[in-house]
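What follows is the content of upload15.cif (mmCIF, N, CA and C atoms).
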data_target
#
loop_
_atom_site.label_atom_id
_atom_site.label_comp_id
_atom_site.auth_asym_id
_atom_site.auth_seq_id
_atom_site.Cartn_x
_atom_site.Cartn_y
_atom_site.Cartn_z
N GLU A 1 0.82 -1.19 0.00
CA GLU A 1 0.00 0.00 0.00
C GLU A 1 0.87 1.26 0.00
N ALA A 2 1.94 1.26 0.80
CA ALA A 2 2.83 2.42 0.86
C ALA A 2 3.49 2.65 -0.49
N LEU A 3 3.87 1.59 -1.16
CA LEU A 3 4.49 1.71 -2.48
C LEU A 3 3.50 2.30 -3.48
N ALA A 4 2.28 1.83 -3.47
CA ALA A 4 1.26 2.33 -4.38
C ALA A 4 0.98 3.82 -4.14
N ARG A 5 1.08 4.24 -2.90
CA ARG A 5 0.84 5.65 -2.56
C ARG A 5 2.08 6.51 -2.77
N GLY A 6 3.23 5.87 -2.99
CA GLY A 6 4.46 6.62 -3.16
C GLY A 6 5.06 7.11 -1.86
N ASP A 7 4.70 6.47 -0.76
CA ASP A 7 5.23 6.90 0.54
C ASP A 7 6.73 6.65 0.61
N GLN A 8 7.45 7.63 1.10
CA GLN A 8 8.87 7.54 1.35
C GLN A 8 9.16 8.26 2.65
N GLY A 9 10.31 7.97 3.25
CA GLY A 9 10.67 8.68 4.46
C GLY A 9 11.68 7.92 5.28
N ARG A 10 12.00 8.51 6.42
CA ARG A 10 12.96 7.92 7.34
C ARG A 10 12.36 7.94 8.73
N ALA A 11 12.21 6.76 9.30
CA ALA A 11 11.73 6.62 10.67
C ALA A 11 12.93 6.26 11.54
N VAL A 12 12.87 6.65 12.80
CA VAL A 12 13.90 6.24 13.76
C VAL A 12 13.18 5.52 14.89
N VAL A 13 13.68 4.31 15.18
CA VAL A 13 13.07 3.49 16.22
C VAL A 13 14.10 3.24 17.32
N SER A 14 13.65 3.32 18.57
CA SER A 14 14.48 3.01 19.72
C SER A 14 14.19 1.56 20.10
N ILE A 15 15.27 0.76 20.15
CA ILE A 15 15.14 -0.66 20.45
C ILE A 15 15.88 -0.95 21.75
N SER A 16 15.20 -1.58 22.69
CA SER A 16 15.81 -2.00 23.96
C SER A 16 15.88 -3.52 23.94
N ILE A 17 17.12 -4.04 24.06
CA ILE A 17 17.35 -5.48 24.00
C ILE A 17 17.93 -5.95 25.33
N ARG A 18 17.30 -6.97 25.91
CA ARG A 18 17.80 -7.54 27.17
C ARG A 18 19.04 -8.38 26.91
N ARG A 19 19.78 -8.68 27.94
CA ARG A 19 21.04 -9.44 27.81
C ARG A 19 20.86 -10.75 27.05
N ASN A 20 19.72 -11.40 27.22
CA ASN A 20 19.49 -12.69 26.57
C ASN A 20 19.02 -12.56 25.11
N GLY A 21 18.92 -11.32 24.62
CA GLY A 21 18.49 -11.08 23.24
C GLY A 21 17.01 -10.80 23.09
N GLU A 22 16.27 -10.89 24.17
CA GLU A 22 14.84 -10.63 24.14
C GLU A 22 14.58 -9.14 23.91
N LEU A 23 13.61 -8.84 23.08
CA LEU A 23 13.22 -7.45 22.83
C LEU A 23 12.43 -6.94 24.03
N ALA A 24 12.96 -5.94 24.71
CA ALA A 24 12.29 -5.37 25.88
C ALA A 24 11.29 -4.29 25.46
N GLN A 25 11.68 -3.51 24.44
CA GLN A 25 10.82 -2.41 24.01
C GLN A 25 11.23 -1.95 22.62
N ALA A 26 10.25 -1.54 21.85
CA ALA A 26 10.48 -0.89 20.56
C ALA A 26 9.51 0.28 20.48
N ARG A 27 10.06 1.46 20.27
CA ARG A 27 9.18 2.63 20.17
C ARG A 27 9.71 3.57 19.10
N LEU A 28 8.80 4.22 18.43
CA LEU A 28 9.15 5.16 17.39
C LEU A 28 9.59 6.47 18.03
N VAL A 29 10.79 6.95 17.69
CA VAL A 29 11.25 8.22 18.24
C VAL A 29 11.18 9.32 17.18
N ARG A 30 11.07 8.93 15.91
CA ARG A 30 10.85 9.92 14.86
C ARG A 30 10.03 9.27 13.75
N SER A 31 8.94 9.90 13.41
CA SER A 31 8.05 9.39 12.38
C SER A 31 8.62 9.62 10.99
N SER A 32 8.28 8.74 10.09
CA SER A 32 8.66 8.89 8.68
C SER A 32 7.71 9.86 7.98
N GLY A 33 6.60 10.17 8.63
CA GLY A 33 5.57 10.99 8.01
C GLY A 33 4.45 10.14 7.41
N SER A 34 4.61 8.82 7.49
CA SER A 34 3.62 7.90 6.96
C SER A 34 3.29 6.87 8.04
N ILE A 35 2.02 6.77 8.39
CA ILE A 35 1.62 5.79 9.40
C ILE A 35 1.96 4.38 8.94
N ILE A 36 1.79 4.11 7.66
CA ILE A 36 2.08 2.77 7.12
C ILE A 36 3.56 2.43 7.30
N LEU A 37 4.44 3.36 6.97
CA LEU A 37 5.87 3.11 7.11
C LEU A 37 6.28 3.01 8.57
N ASP A 38 5.68 3.82 9.41
CA ASP A 38 5.99 3.76 10.84
C ASP A 38 5.59 2.39 11.41
N GLU A 39 4.42 1.90 11.03
CA GLU A 39 3.99 0.59 11.50
C GLU A 39 4.89 -0.51 10.94
N ALA A 40 5.33 -0.36 9.69
CA ALA A 40 6.25 -1.34 9.09
C ALA A 40 7.58 -1.36 9.83
N THR A 41 8.04 -0.21 10.26
CA THR A 41 9.29 -0.12 11.01
C THR A 41 9.19 -0.90 12.32
N LEU A 42 8.15 -0.63 13.09
CA LEU A 42 7.96 -1.32 14.37
C LEU A 42 7.73 -2.82 14.16
N GLY A 43 7.00 -3.17 13.12
CA GLY A 43 6.75 -4.57 12.83
C GLY A 43 8.02 -5.32 12.49
N ALA A 44 8.90 -4.70 11.71
CA ALA A 44 10.16 -5.34 11.33
C ALA A 44 11.04 -5.60 12.56
N VAL A 45 11.09 -4.63 13.46
CA VAL A 45 11.89 -4.77 14.67
C VAL A 45 11.34 -5.90 15.54
N ARG A 46 10.03 -5.98 15.66
CA ARG A 46 9.41 -7.02 16.49
C ARG A 46 9.56 -8.41 15.86
N ARG A 47 9.43 -8.50 14.54
CA ARG A 47 9.58 -9.80 13.87
C ARG A 47 11.01 -10.31 13.90
N ALA A 48 11.97 -9.41 14.00
CA ALA A 48 13.39 -9.82 14.03
C ALA A 48 13.79 -10.41 15.38
N ALA A 49 12.99 -10.20 16.40
CA ALA A 49 13.29 -10.73 17.73
C ALA A 49 13.03 -12.23 17.76
N PRO A 50 13.74 -12.98 18.57
CA PRO A 50 14.76 -12.50 19.50
C PRO A 50 16.07 -12.21 18.78
N TYR A 51 16.84 -11.34 19.38
CA TYR A 51 18.14 -10.94 18.87
C TYR A 51 19.22 -11.81 19.51
N PRO A 52 20.43 -11.79 18.96
CA PRO A 52 21.50 -12.55 19.62
C PRO A 52 21.75 -12.02 21.03
N PRO A 53 22.16 -12.88 21.94
CA PRO A 53 22.49 -12.41 23.29
C PRO A 53 23.59 -11.34 23.23
N LEU A 54 23.56 -10.45 24.20
CA LEU A 54 24.56 -9.39 24.24
C LEU A 54 25.92 -9.97 24.60
N PRO A 55 26.97 -9.47 23.99
CA PRO A 55 28.32 -9.95 24.33
C PRO A 55 28.66 -9.60 25.78
N PRO A 56 29.51 -10.38 26.41
CA PRO A 56 29.86 -10.15 27.82
C PRO A 56 30.46 -8.75 28.07
N ASP A 57 31.14 -8.19 27.07
CA ASP A 57 31.78 -6.89 27.29
C ASP A 57 30.82 -5.71 27.18
N VAL A 58 29.56 -5.96 26.83
CA VAL A 58 28.55 -4.90 26.81
C VAL A 58 27.95 -4.82 28.21
N GLY A 59 28.11 -3.67 28.84
CA GLY A 59 27.64 -3.51 30.21
C GLY A 59 26.14 -3.29 30.29
N GLY A 60 25.63 -3.46 31.48
CA GLY A 60 24.22 -3.20 31.74
C GLY A 60 23.33 -4.39 31.43
N SER A 61 22.08 -4.27 31.85
CA SER A 61 21.14 -5.36 31.64
C SER A 61 20.34 -5.20 30.35
N VAL A 62 20.37 -3.98 29.78
CA VAL A 62 19.63 -3.70 28.55
C VAL A 62 20.49 -2.82 27.65
N LEU A 63 20.49 -3.14 26.37
CA LEU A 63 21.17 -2.32 25.37
C LEU A 63 20.11 -1.53 24.63
N VAL A 64 20.28 -0.22 24.54
CA VAL A 64 19.33 0.63 23.84
C VAL A 64 20.00 1.17 22.58
N LEU A 65 19.35 0.97 21.44
CA LEU A 65 19.86 1.43 20.16
C LEU A 65 18.81 2.31 19.50
N ASN A 66 19.23 3.39 18.87
CA ASN A 66 18.36 4.19 18.01
C ASN A 66 18.74 3.85 16.58
N VAL A 67 17.78 3.28 15.84
CA VAL A 67 18.06 2.76 14.51
C VAL A 67 17.23 3.51 13.46
N PRO A 68 17.90 4.12 12.47
CA PRO A 68 17.15 4.75 11.38
C PRO A 68 16.71 3.71 10.37
N MET A 69 15.51 3.87 9.85
CA MET A 69 14.97 3.00 8.80
C MET A 69 14.57 3.90 7.65
N ASN A 70 15.24 3.73 6.52
CA ASN A 70 14.95 4.55 5.34
C ASN A 70 14.06 3.79 4.37
N PHE A 71 13.06 4.47 3.86
CA PHE A 71 12.14 3.91 2.86
C PHE A 71 12.20 4.82 1.64
N THR A 72 12.69 4.28 0.53
CA THR A 72 12.78 5.04 -0.70
C THR A 72 12.22 4.21 -1.85
N ILE A 73 11.72 4.89 -2.84
CA ILE A 73 11.24 4.25 -4.06
C ILE A 73 12.25 4.55 -5.16
N GLU A 74 12.75 3.49 -5.76
CA GLU A 74 13.73 3.67 -6.84
C GLU A 74 13.24 3.02 -8.10
#

Could you quickly redo this structure as structure tokens?
Amino acid sequence: EALARGDQGRAVVSISIRRNGELAQARLVRSSGSIILDEATLGAVRRAAPYPPLPPDVGGSVLVLNVPMNFTIE
């Protein structure tokens, strides 16, 4: 649907991953300007879980990453 509408943009999602690789939280910190693309961003992050366990040299119980997701039509 987004492709048919010509939606493009860049969303930024904050991902919190527990030491065992479990997804603790995924939230949109910057919208792409398209609800469809924003939902696709969160869906992709959730479907990719579980993630690999955190390496021993990464401190803390949760790793937080801000990940940009670019959507372009070429």

*For Val45 in chain A, the nearest of the candidates A:Ile17, A:Val12, A:Val62, A:Ala26, counting all atoms listed in the file*: A:Ala26

*Could you jot down the CA of Val13 in chain A to atom C of Glu74 in chain A separation for me, Å, one decimal place?*
24.3 Å

_As an exercise, work out the distance from CA of Gly9 in chain A to atom C of Pro50 in chain A in Å and give it to one decimal place._
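Taking CA of Gly9 in chain A as the start and atom C of Pro50 in chain A as the end point, the length is 25.9 Å.
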
_Resolved residues for the PyMOL selection byres (((chain A and resi 63 and name CA) around 9) and name CA) as number ranges by chain_ = A: 15-19, 54, 58-62, 64-65

*CA of Ser32 in chain A to CA of Thr72 in chain A: how many Å, to one decimal?*
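These atoms are spaced 10.9 Å apart.
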
*Pick from A:Arg27, A:Glu39, A:Pro55, A:Arg47: nearest to Ser14 in chain A, with only N, CA and C atoms counted?*
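With only N, CA and C atoms as the atom set, the closest residue is A:Arg27.
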
*Excluding same-chain residues fewer than 5 positions from Ala11 in chain A, what lies within 12 Å of it counting only C-alpha atoms, as a PyMOL selection string?*
chain A and resi 27-42+66-72

*Could you pull the residues within 7 Å of Pro52 in chain A, counting all atoms listed in the file, minus those fewer than 5 positions along the same chain, as a list of chain:residue names?*
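That gives A:Arg19, A:Asn20, A:Gly21, A:Glu22.
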
_Every residue of chain A that DSSP places in alpha helix (DSSP H), as a PyMOL selection string_ = chain A and resi 2-5+35-48

*Could you please write out, as a ChimeraX atom specification, every residue of chain A that DSSP assigns to strand (DSSP E or B)?*
/A:9-18,23-30,62-71

For those residues, write N, CA and C atoms to a file as an mmCIF file, in the frame of the given file.
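Generated file (again38.cif):
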data_model
loop_
_atom_site.group_PDB
_atom_site.id
_atom_site.type_symbol
_atom_site.label_atom_id
_atom_site.label_comp_id
_atom_site.auth_asym_id
_atom_site.auth_seq_id
_atom_site.Cartn_x
_atom_site.Cartn_y
_atom_site.Cartn_z
ATOM 1 N N GLY A 9 10.310 7.970 3.250
ATOM 2 C CA GLY A 9 10.670 8.680 4.460
ATOM 3 C C GLY A 9 11.680 7.920 5.280
ATOM 4 N N ARG A 10 12.000 8.510 6.420
ATOM 5 C CA ARG A 10 12.960 7.920 7.340
ATOM 6 C C ARG A 10 12.360 7.940 8.730
ATOM 7 N N ALA A 11 12.210 6.760 9.300
ATOM 8 C CA ALA A 11 11.730 6.620 10.670
ATOM 9 C C ALA A 11 12.930 6.260 11.540
ATOM 10 N N VAL A 12 12.870 6.650 12.800
ATOM 11 C CA VAL A 12 13.900 6.240 13.760
ATOM 12 C C VAL A 12 13.180 5.520 14.890
ATOM 13 N N VAL A 13 13.680 4.310 15.180
ATOM 14 C CA VAL A 13 13.070 3.490 16.220
ATOM 15 C C VAL A 13 14.100 3.240 17.320
ATOM 16 N N SER A 14 13.650 3.320 18.570
ATOM 17 C CA SER A 14 14.480 3.010 19.720
ATOM 18 C C SER A 14 14.190 1.560 20.100
ATOM 19 N N ILE A 15 15.270 0.760 20.150
ATOM 20 C CA ILE A 15 15.140 -0.660 20.450
ATOM 21 C C ILE A 15 15.880 -0.950 21.750
ATOM 22 N N SER A 16 15.200 -1.580 22.690
ATOM 23 C CA SER A 16 15.810 -2.000 23.960
ATOM 24 C C SER A 16 15.880 -3.520 23.940
ATOM 25 N N ILE A 17 17.120 -4.040 24.060
ATOM 26 C CA ILE A 17 17.350 -5.480 24.000
ATOM 27 C C ILE A 17 17.930 -5.950 25.330
ATOM 28 N N ARG A 18 17.300 -6.970 25.910
ATOM 29 C CA ARG A 18 17.800 -7.540 27.170
ATOM 30 C C ARG A 18 19.040 -8.380 26.910
ATOM 31 N N LEU A 23 13.610 -8.840 23.080
ATOM 32 C CA LEU A 23 13.220 -7.450 22.830
ATOM 33 C C LEU A 23 12.430 -6.940 24.030
ATOM 34 N N ALA A 24 12.960 -5.940 24.710
ATOM 35 C CA ALA A 24 12.290 -5.370 25.880
ATOM 36 C C ALA A 24 11.290 -4.290 25.460
ATOM 37 N N GLN A 25 11.680 -3.510 24.440
ATOM 38 C CA GLN A 25 10.820 -2.410 24.010
ATOM 39 C C GLN A 25 11.230 -1.950 22.620
ATOM 40 N N ALA A 26 10.250 -1.540 21.850
ATOM 41 C CA ALA A 26 10.480 -0.890 20.560
ATOM 42 C C ALA A 26 9.510 0.280 20.480
ATOM 43 N N ARG A 27 10.060 1.460 20.270
ATOM 44 C CA ARG A 27 9.180 2.630 20.170
ATOM 45 C C ARG A 27 9.710 3.570 19.100
ATOM 46 N N LEU A 28 8.800 4.220 18.430
ATOM 47 C CA LEU A 28 9.150 5.160 17.390
ATOM 48 C C LEU A 28 9.590 6.470 18.030
ATOM 49 N N VAL A 29 10.790 6.950 17.690
ATOM 50 C CA VAL A 29 11.250 8.220 18.240
ATOM 51 C C VAL A 29 11.180 9.320 17.180
ATOM 52 N N ARG A 30 11.070 8.930 15.910
ATOM 53 C CA ARG A 30 10.850 9.920 14.860
ATOM 54 C C ARG A 30 10.030 9.270 13.750
ATOM 55 N N VAL A 62 20.370 -3.980 29.780
ATOM 56 C CA VAL A 62 19.630 -3.700 28.550
ATOM 57 C C VAL A 62 20.490 -2.820 27.650
ATOM 58 N N LEU A 63 20.490 -3.140 26.370
ATOM 59 C CA LEU A 63 21.170 -2.320 25.370
ATOM 60 C C LEU A 63 20.110 -1.530 24.630
ATOM 61 N N VAL A 64 20.280 -0.220 24.540
ATOM 62 C CA VAL A 64 19.330 0.630 23.840
ATOM 63 C C VAL A 64 20.000 1.170 22.580
ATOM 64 N N LEU A 65 19.350 0.970 21.440
ATOM 65 C CA LEU A 65 19.860 1.430 20.160
ATOM 66 C C LEU A 65 18.810 2.310 19.500
ATOM 67 N N ASN A 66 19.230 3.390 18.870
ATOM 68 C CA ASN A 66 18.360 4.190 18.010
ATOM 69 C C ASN A 66 18.740 3.850 16.580
ATOM 70 N N VAL A 67 17.780 3.280 15.840
ATOM 71 C CA VAL A 67 18.060 2.760 14.510
ATOM 72 C C VAL A 67 17.230 3.510 13.460
ATOM 73 N N PRO A 68 17.900 4.120 12.470
ATOM 74 C CA PRO A 68 17.150 4.750 11.380
ATOM 75 C C PRO A 68 16.710 3.710 10.370
ATOM 76 N N MET A 69 15.510 3.870 9.850
ATOM 77 C CA MET A 69 14.970 3.000 8.800
ATOM 78 C C MET A 69 14.570 3.900 7.650
ATOM 79 N N ASN A 70 15.240 3.730 6.520
ATOM 80 C CA ASN A 70 14.950 4.550 5.340
ATOM 81 C C ASN A 70 14.060 3.790 4.370
ATOM 82 N N PHE A 71 13.060 4.470 3.860
ATOM 83 C CA PHE A 71 12.140 3.910 2.860
ATOM 84 C C PHE A 71 12.200 4.820 1.640
#
